[in-house]
>>> print(open('structure.pdb').read())   # PDB, C-alpha atoms, pLDDT in the B column
ATOM      1  CA  MET A 188     115.775  71.085  93.243  1.00 42.00           C
ATOM      2  CA  ALA A 189     118.133  68.623  94.880  1.00 47.00           C
ATOM      3  CA  LEU A 190     121.073  71.009  95.154  1.00 52.00           C
ATOM      4  CA  ARG A 191     120.886  74.103  97.284  1.00 57.00           C
ATOM      5  CA  ALA A 192     123.651  76.616  97.836  1.00 57.00           C
ATOM      6  CA  THR A 193     124.313  77.838 101.353  1.00 58.00           C
ATOM      7  CA  ALA A 194     126.329  81.049 101.492  1.00 53.00           C
ATOM      8  CA  GLY A 195     127.592  80.256  98.003  1.00 48.00           C
ATOM      9  CA  GLU A 196     128.864  76.769  98.873  1.00 56.00           C
ATOM     10  CA  VAL A 197     127.308  73.465  97.819  1.00 56.00           C
ATOM     11  CA  LYS A 198     126.730  71.037 100.642  1.00 69.00           C
ATOM     12  CA  VAL A 199     128.988  68.077  99.928  1.00 75.00           C
ATOM     13  CA  ARG A 200     126.772  65.639 101.813  1.00 76.00           C
ATOM     14  CA  GLU A 201     123.896  66.375  99.435  1.00 79.00           C
ATOM     15  CA  LEU A 202     126.043  65.400  96.443  1.00 80.00           C
ATOM     16  CA  PHE A 203     126.379  61.886  97.857  1.00 83.00           C
ATOM     17  CA  GLN A 204     122.757  61.394  98.846  1.00 86.00           C
ATOM     18  CA  LEU A 205     121.109  58.263  97.494  1.00 94.00           C
ATOM     19  CA  MET A 206     118.058  58.672  95.298  1.00 96.00           C
ATOM     20  CA  THR A 207     115.361  56.241  94.195  1.00 97.00           C
ATOM     21  CA  ALA A 208     114.747  55.462  90.529  1.00 97.00           C
ATOM     22  CA  GLU A 209     111.750  57.788  90.596  1.00 97.00           C
ATOM     23  CA  GLU A 210     113.815  60.642  92.029  1.00 97.00           C
ATOM     24  CA  ALA A 211     116.635  59.976  89.547  1.00 97.00           C
ATOM     25  CA  ALA A 212     114.155  60.028  86.656  1.00 97.00           C
ATOM     26  CA  GLU A 213     112.752  63.354  87.828  1.00 97.00           C
ATOM     27  CA  PHE A 214     116.227  64.833  88.322  1.00 95.00           C
ATOM     28  CA  LEU A 215     117.395  63.707  84.860  1.00 96.00           C
ATOM     29  CA  ALA A 216     114.064  64.598  83.205  1.00 95.00           C
ATOM     30  CA  LEU A 217     113.736  61.043  81.890  1.00 96.00           C
ATOM     31  CA  GLU A 218     110.927  58.515  82.014  1.00 97.00           C
ATOM     32  CA  LEU A 219     111.138  56.008  84.867  1.00 97.00           C
ATOM     33  CA  GLY A 220     111.307  53.146  82.353  1.00 97.00           C
ATOM     34  CA  THR A 221     114.290  54.803  80.658  1.00 97.00           C
ATOM     35  CA  VAL A 222     116.152  55.068  83.975  1.00 98.00           C
ATOM     36  CA  ARG A 223     115.448  51.413  84.741  1.00 96.00           C
ATOM     37  CA  ASN A 224     116.510  50.364  81.240  1.00 97.00           C
ATOM     38  CA  LEU A 225     119.756  52.359  81.423  1.00 97.00           C
ATOM     39  CA  THR A 226     120.426  50.831  84.841  1.00 96.00           C
ATOM     40  CA  TYR A 227     119.779  47.301  83.570  1.00 95.00           C
ATOM     41  CA  ARG A 228     122.197  47.909  80.680  1.00 97.00           C
ATOM     42  CA  ARG A 229     124.715  49.354  83.185  1.00 95.00           C
ATOM     43  CA  GLU A 230     124.859  52.657  81.314  1.00 96.00           C
ATOM     44  CA  LEU A 231     123.632  54.679  84.280  1.00 97.00           C
ATOM     45  CA  PRO A 232     125.785  54.541  87.437  1.00 96.00           C
ATOM     46  CA  SER A 233     123.968  53.001  90.383  1.00 96.00           C
ATOM     47  CA  VAL A 234     124.575  51.594  93.851  1.00 96.00           C
ATOM     48  CA  LYS A 235     123.251  48.179  94.892  1.00 94.00           C
ATOM     49  CA  ILE A 236     121.357  48.151  98.173  1.00 94.00           C
ATOM     50  CA  GLY A 237     120.754  44.629  99.437  1.00 91.00           C
ATOM     51  CA  ALA A 238     119.824  41.822  97.054  1.00 90.00           C
ATOM     52  CA  ARG A 239     117.585  43.760  94.661  1.00 89.00           C
ATOM     53  CA  GLY A 240     117.613  47.388  95.714  1.00 94.00           C
ATOM     54  CA  VAL A 241     119.149  50.070  93.528  1.00 96.00           C
ATOM     55  CA  ARG A 242     119.872  53.690  94.374  1.00 97.00           C
ATOM     56  CA  TYR A 243     121.581  56.529  92.544  1.00 97.00           C
ATOM     57  CA  ARG A 244     124.130  59.006  93.911  1.00 96.00           C
ATOM     58  CA  LEU A 245     123.356  62.574  92.941  1.00 94.00           C
ATOM     59  CA  ILE A 246     127.004  63.297  92.110  1.00 93.00           C
ATOM     60  CA  ASP A 247     127.090  60.275  89.754  1.00 96.00           C
ATOM     61  CA  LEU A 248     123.930  61.435  87.989  1.00 96.00           C
ATOM     62  CA  ILE A 249     125.382  64.911  87.528  1.00 94.00           C
ATOM     63  CA  ALA A 250     128.594  63.467  86.055  1.00 94.00           C
ATOM     64  CA  TRP A 251     126.639  61.088  83.802  1.00 95.00           C
ATOM     65  CA  SER A 252     124.429  63.917  82.573  1.00 93.00           C
ATOM     66  CA  GLU A 253     127.440  66.159  81.869  1.00 92.00           C
ATOM     67  CA  GLN A 254     129.197  63.373  79.962  1.00 90.00           C
ATOM     68  CA  ARG A 255     126.051  62.647  77.965  1.00 84.00           C
ATOM     69  CA  ASN A 256     125.681  66.330  77.071  1.00 81.00           C
ATOM     70  CA  ARG A 257     129.296  66.477  75.838  1.00 79.00           C
ATOM     71  CA  LEU A 258     128.689  63.497  73.549  1.00 68.00           C
ATOM     72  CA  VAL A 259     125.625  65.149  71.999  1.00 61.00           C
ATOM     73  CA  ILE A 260     127.373  68.426  71.162  1.00 57.00           C
TER      74      ILE A 260
END
>>> encode(input="structure.pdb", output="structure tokens")
Amino acid sequence: MALRATAGEVKVRELFQLMTAEEAAEFLALELGTVRNLTYRRELPSVKIGARGVRYRLIDLIAWSEQRNRLVI
């Protein structure tokens, strides 16, 4: 699990860690191709690293997942 509580408090630094597409797919329980497709369509928040690199902030993935769950209900 990416988030760990320490004495009941979430480590803020961990919320802003950058994840690869593979790690984001695992965290969101999605296929890697789905993550890449959502990124290409700019539906999934991402951070550009260099000319072609893409990373995902954990806090953005949590917010995206929460928003997606609210739309389904």
>>> closest_residue(input="structure.pdb", among="A:Ile236, A:Ala211, A:Tyr227, A:Gly220", to="Trp251 of chain A", atoms="only C-alpha atoms")
A:Ala211
>>> atom_distance(input="structure.pdb", atom1="atom CA of Glu201 of chain A", atom2="atom CA of Leu219 of chain A")
22.0 Å
>>> closest_residue(input="structure.pdb", among="A:Leu231, A:Val199, A:Leu205, A:Ala212", to="Arg244 of chain A", atoms="all atoms listed in the file")
A:Leu205
>>> axis_aligned_box(input="structure.pdb", around="segment 199-212 of chain A", padding_each_side="8 Å", output="lines of an AutoDock Vina configuration file")
center_x = 120.4
center_y = 61.8
center_z = 94.2
size_x = 33.2
size_y = 28.6
size_z = 31.2
>>> residues_around(input="structure.pdb", residues="segment 232-234 of chain A", least_positions_apart="5", cutoff="9 Å", atoms="all atoms listed in the file", output="PDB file with C-alpha atoms, in the coordinates of the input")
ATOM      1  CA  LEU A 205     121.109  58.263  97.494  1.00 94.00           C
ATOM      2  CA  LEU A 225     119.756  52.359  81.423  1.00 97.00           C
ATOM      3  CA  THR A 226     120.426  50.831  84.841  1.00 96.00           C
ATOM      4  CA  GLY A 240     117.613  47.388  95.714  1.00 94.00           C
ATOM      5  CA  VAL A 241     119.149  50.070  93.528  1.00 96.00           C
ATOM      6  CA  ARG A 242     119.872  53.690  94.374  1.00 97.00           C
ATOM      7  CA  TYR A 243     121.581  56.529  92.544  1.00 97.00           C
ATOM      8  CA  ARG A 244     124.130  59.006  93.911  1.00 96.00           C
ATOM      9  CA  ASP A 247     127.090  60.275  89.754  1.00 96.00           C
ATOM     10  CA  LEU A 248     123.930  61.435  87.989  1.00 96.00           C
ATOM     11  CA  TRP A 251     126.639  61.088  83.802  1.00 95.00           C
TER      12      TRP A 251
END
>>> atom_distance(input="structure.pdb", atom1="atom CA of Leu245 of chain A", atom2="atom CA of Glu209 of chain A")
12.8 Å
>>> atom_distance(input="structure.pdb", atom1="atom CA of Gln204 of chain A", atom2="atom CA of Arg228 of chain A")
22.6 Å
>>> closest_residue(input="structure.pdb", among="A:Arg239, A:Leu202, A:Arg257, A:Ser252", to="Ala216 of chain A", atoms="all atoms listed in the file")
A:Ser252
>>> closest_residue(input="structure.pdb", among="A:Val222, A:Arg229, A:Leu215, A:Gly237", to="Glu253 of chain A", atoms="only C-alpha atoms")
A:Leu215
>>> build_atoms(input="structure.pdb", residues="segment 221-257 of chain A", atoms="N, CA and C atoms", output="PDB file, in the frame of the given file")
ATOM      1  N   THR A 221     112.989  54.523  81.259  1.00 97.00           N
ATOM      2  CA  THR A 221     114.290  54.803  80.658  1.00 97.00           C
ATOM      3  C   THR A 221     115.395  54.660  81.697  1.00 97.00           C
ATOM      4  N   VAL A 222     115.166  55.187  82.893  1.00 98.00           N
ATOM      5  CA  VAL A 222     116.152  55.068  83.975  1.00 98.00           C
ATOM      6  C   VAL A 222     116.377  53.600  84.308  1.00 98.00           C
ATOM      7  N   ARG A 223     115.309  52.846  84.418  1.00 96.00           N
ATOM      8  CA  ARG A 223     115.448  51.413  84.741  1.00 96.00           C
ATOM      9  C   ARG A 223     116.157  50.666  83.618  1.00 96.00           C
ATOM     10  N   ASN A 224     115.858  51.007  82.378  1.00 97.00           N
ATOM     11  CA  ASN A 224     116.510  50.364  81.240  1.00 97.00           C
ATOM     12  C   ASN A 224     118.004  50.692  81.200  1.00 97.00           C
ATOM     13  N   LEU A 225     118.350  51.956  81.400  1.00 97.00           N
ATOM     14  CA  LEU A 225     119.756  52.359  81.423  1.00 97.00           C
ATOM     15  C   LEU A 225     120.501  51.682  82.572  1.00 97.00           C
ATOM     16  N   THR A 226     119.817  51.506  83.692  1.00 96.00           N
ATOM     17  CA  THR A 226     120.426  50.831  84.841  1.00 96.00           C
ATOM     18  C   THR A 226     120.662  49.362  84.516  1.00 96.00           C
ATOM     19  N   TYR A 227     119.666  48.716  83.939  1.00 95.00           N
ATOM     20  CA  TYR A 227     119.779  47.301  83.570  1.00 95.00           C
ATOM     21  C   TYR A 227     120.940  47.085  82.601  1.00 95.00           C
ATOM     22  N   ARG A 228     121.112  48.018  81.664  1.00 97.00           N
ATOM     23  CA  ARG A 228     122.197  47.909  80.680  1.00 97.00           C
ATOM     24  C   ARG A 228     123.529  48.423  81.230  1.00 97.00           C
ATOM     25  N   ARG A 229     123.525  48.840  82.486  1.00 95.00           N
ATOM     26  CA  ARG A 229     124.715  49.354  83.185  1.00 95.00           C
ATOM     27  C   ARG A 229     125.303  50.597  82.522  1.00 95.00           C
ATOM     28  N   GLU A 230     124.438  51.396  81.923  1.00 96.00           N
ATOM     29  CA  GLU A 230     124.859  52.657  81.314  1.00 96.00           C
ATOM     30  C   GLU A 230     124.714  53.820  82.289  1.00 96.00           C
ATOM     31  N   LEU A 231     123.864  53.651  83.275  1.00 97.00           N
ATOM     32  CA  LEU A 231     123.632  54.679  84.280  1.00 97.00           C
ATOM     33  C   LEU A 231     124.253  54.196  85.588  1.00 97.00           C
ATOM     34  N   PRO A 232     125.141  54.986  86.199  1.00 96.00           N
ATOM     35  CA  PRO A 232     125.785  54.541  87.437  1.00 96.00           C
ATOM     36  C   PRO A 232     124.771  54.384  88.565  1.00 96.00           C
ATOM     37  N   SER A 233     124.885  53.268  89.288  1.00 96.00           N
ATOM     38  CA  SER A 233     123.968  53.001  90.383  1.00 96.00           C
ATOM     39  C   SER A 233     124.704  52.298  91.512  1.00 96.00           C
ATOM     40  N   VAL A 234     124.033  52.244  92.662  1.00 96.00           N
ATOM     41  CA  VAL A 234     124.575  51.594  93.851  1.00 96.00           C
ATOM     42  C   VAL A 234     123.602  50.497  94.258  1.00 96.00           C
ATOM     43  N   LYS A 235     124.107  49.286  94.456  1.00 94.00           N
ATOM     44  CA  LYS A 235     123.251  48.179  94.892  1.00 94.00           C
ATOM     45  C   LYS A 235     123.010  48.301  96.389  1.00 94.00           C
ATOM     46  N   ILE A 236     121.757  48.139  96.771  1.00 94.00           N
ATOM     47  CA  ILE A 236     121.357  48.151  98.173  1.00 94.00           C
ATOM     48  C   ILE A 236     120.672  46.814  98.442  1.00 94.00           C
ATOM     49  N   GLY A 237     121.332  45.941  99.166  1.00 91.00           N
ATOM     50  CA  GLY A 237     120.754  44.629  99.437  1.00 91.00           C
ATOM     51  C   GLY A 237     120.761  43.757  98.183  1.00 91.00           C
ATOM     52  N   ALA A 238     119.866  42.781  98.153  1.00 90.00           N
ATOM     53  CA  ALA A 238     119.824  41.822  97.054  1.00 90.00           C
ATOM     54  C   ALA A 238     119.273  42.420  95.762  1.00 90.00           C
ATOM     55  N   ARG A 239     118.232  43.255  95.873  1.00 89.00           N
ATOM     56  CA  ARG A 239     117.585  43.760  94.661  1.00 89.00           C
ATOM     57  C   ARG A 239     117.458  45.270  94.597  1.00 89.00           C
ATOM     58  N   GLY A 240     117.785  45.936  95.663  1.00 94.00           N
ATOM     59  CA  GLY A 240     117.613  47.388  95.714  1.00 94.00           C
ATOM     60  C   GLY A 240     118.673  48.132  94.919  1.00 94.00           C
ATOM     61  N   VAL A 241     118.251  49.217  94.306  1.00 96.00           N
ATOM     62  CA  VAL A 241     119.149  50.070  93.528  1.00 96.00           C
ATOM     63  C   VAL A 241     118.891  51.514  93.916  1.00 96.00           C
ATOM     64  N   ARG A 242     119.971  52.260  94.111  1.00 97.00           N
ATOM     65  CA  ARG A 242     119.872  53.690  94.374  1.00 97.00           C
ATOM     66  C   ARG A 242     120.888  54.403  93.494  1.00 97.00           C
ATOM     67  N   TYR A 243     120.748  55.709  93.416  1.00 97.00           N
ATOM     68  CA  TYR A 243     121.581  56.529  92.544  1.00 97.00           C
ATOM     69  C   TYR A 243     122.170  57.671  93.351  1.00 97.00           C
ATOM     70  N   ARG A 244     123.483  57.873  93.246  1.00 96.00           N
ATOM     71  CA  ARG A 244     124.130  59.006  93.911  1.00 96.00           C
ATOM     72  C   ARG A 244     123.958  60.236  93.042  1.00 96.00           C
ATOM     73  N   LEU A 245     123.573  61.327  93.662  1.00 94.00           N
ATOM     74  CA  LEU A 245     123.356  62.574  92.941  1.00 94.00           C
ATOM     75  C   LEU A 245     124.601  62.984  92.161  1.00 94.00           C
ATOM     76  N   ILE A 246     125.765  62.893  92.769  1.00 93.00           N
ATOM     77  CA  ILE A 246     127.004  63.297  92.110  1.00 93.00           C
ATOM     78  C   ILE A 246     127.269  62.446  90.867  1.00 93.00           C
ATOM     79  N   ASP A 247     126.921  61.150  90.917  1.00 96.00           N
ATOM     80  CA  ASP A 247     127.090  60.275  89.754  1.00 96.00           C
ATOM     81  C   ASP A 247     126.130  60.655  88.631  1.00 96.00           C
ATOM     82  N   LEU A 248     124.909  61.035  89.000  1.00 96.00           N
ATOM     83  CA  LEU A 248     123.930  61.435  87.989  1.00 96.00           C
ATOM     84  C   LEU A 248     124.339  62.739  87.316  1.00 96.00           C
ATOM     85  N   ILE A 249     124.903  63.655  88.099  1.00 94.00           N
ATOM     86  CA  ILE A 249     125.382  64.911  87.528  1.00 94.00           C
ATOM     87  C   ILE A 249     126.505  64.635  86.535  1.00 94.00           C
ATOM     88  N   ALA A 250     127.463  63.800  86.937  1.00 94.00           N
ATOM     89  CA  ALA A 250     128.594  63.467  86.055  1.00 94.00           C
ATOM     90  C   ALA A 250     128.109  62.754  84.802  1.00 94.00           C
ATOM     91  N   TRP A 251     127.170  61.822  84.947  1.00 95.00           N
ATOM     92  CA  TRP A 251     126.639  61.088  83.802  1.00 95.00           C
ATOM     93  C   TRP A 251     125.935  62.039  82.838  1.00 95.00           C
ATOM     94  N   SER A 252     125.150  62.954  83.389  1.00 93.00           N
ATOM     95  CA  SER A 252     124.429  63.917  82.573  1.00 93.00           C
ATOM     96  C   SER A 252     125.404  64.833  81.817  1.00 93.00           C
ATOM     97  N   GLU A 253     126.440  65.306  82.505  1.00 92.00           N
ATOM     98  CA  GLU A 253     127.440  66.159  81.869  1.00 92.00           C
ATOM     99  C   GLU A 253     128.155  65.423  80.746  1.00 92.00           C
ATOM    100  N   GLN A 254     128.522  64.176  80.982  1.00 90.00           N
ATOM    101  CA  GLN A 254     129.197  63.373  79.962  1.00 90.00           C
ATOM    102  C   GLN A 254     128.273  63.148  78.764  1.00 90.00           C
ATOM    103  N   ARG A 255     127.036  62.871  79.031  1.00 84.00           N
ATOM    104  CA  ARG A 255     126.051  62.647  77.965  1.00 84.00           C
ATOM    105  C   ARG A 255     125.865  63.913  77.127  1.00 84.00           C
ATOM    106  N   ASN A 256     125.837  65.074  77.790  1.00 81.00           N
ATOM    107  CA  ASN A 256     125.681  66.330  77.071  1.00 81.00           C
ATOM    108  C   ASN A 256     126.903  66.631  76.190  1.00 81.00           C
ATOM    109  N   ARG A 257     128.089  66.260  76.645  1.00 79.00           N
ATOM    110  CA  ARG A 257     129.296  66.477  75.838  1.00 79.00           C
ATOM    111  C   ARG A 257     129.295  65.602  74.597  1.00 79.00           C
TER     112      ARG A 257
END
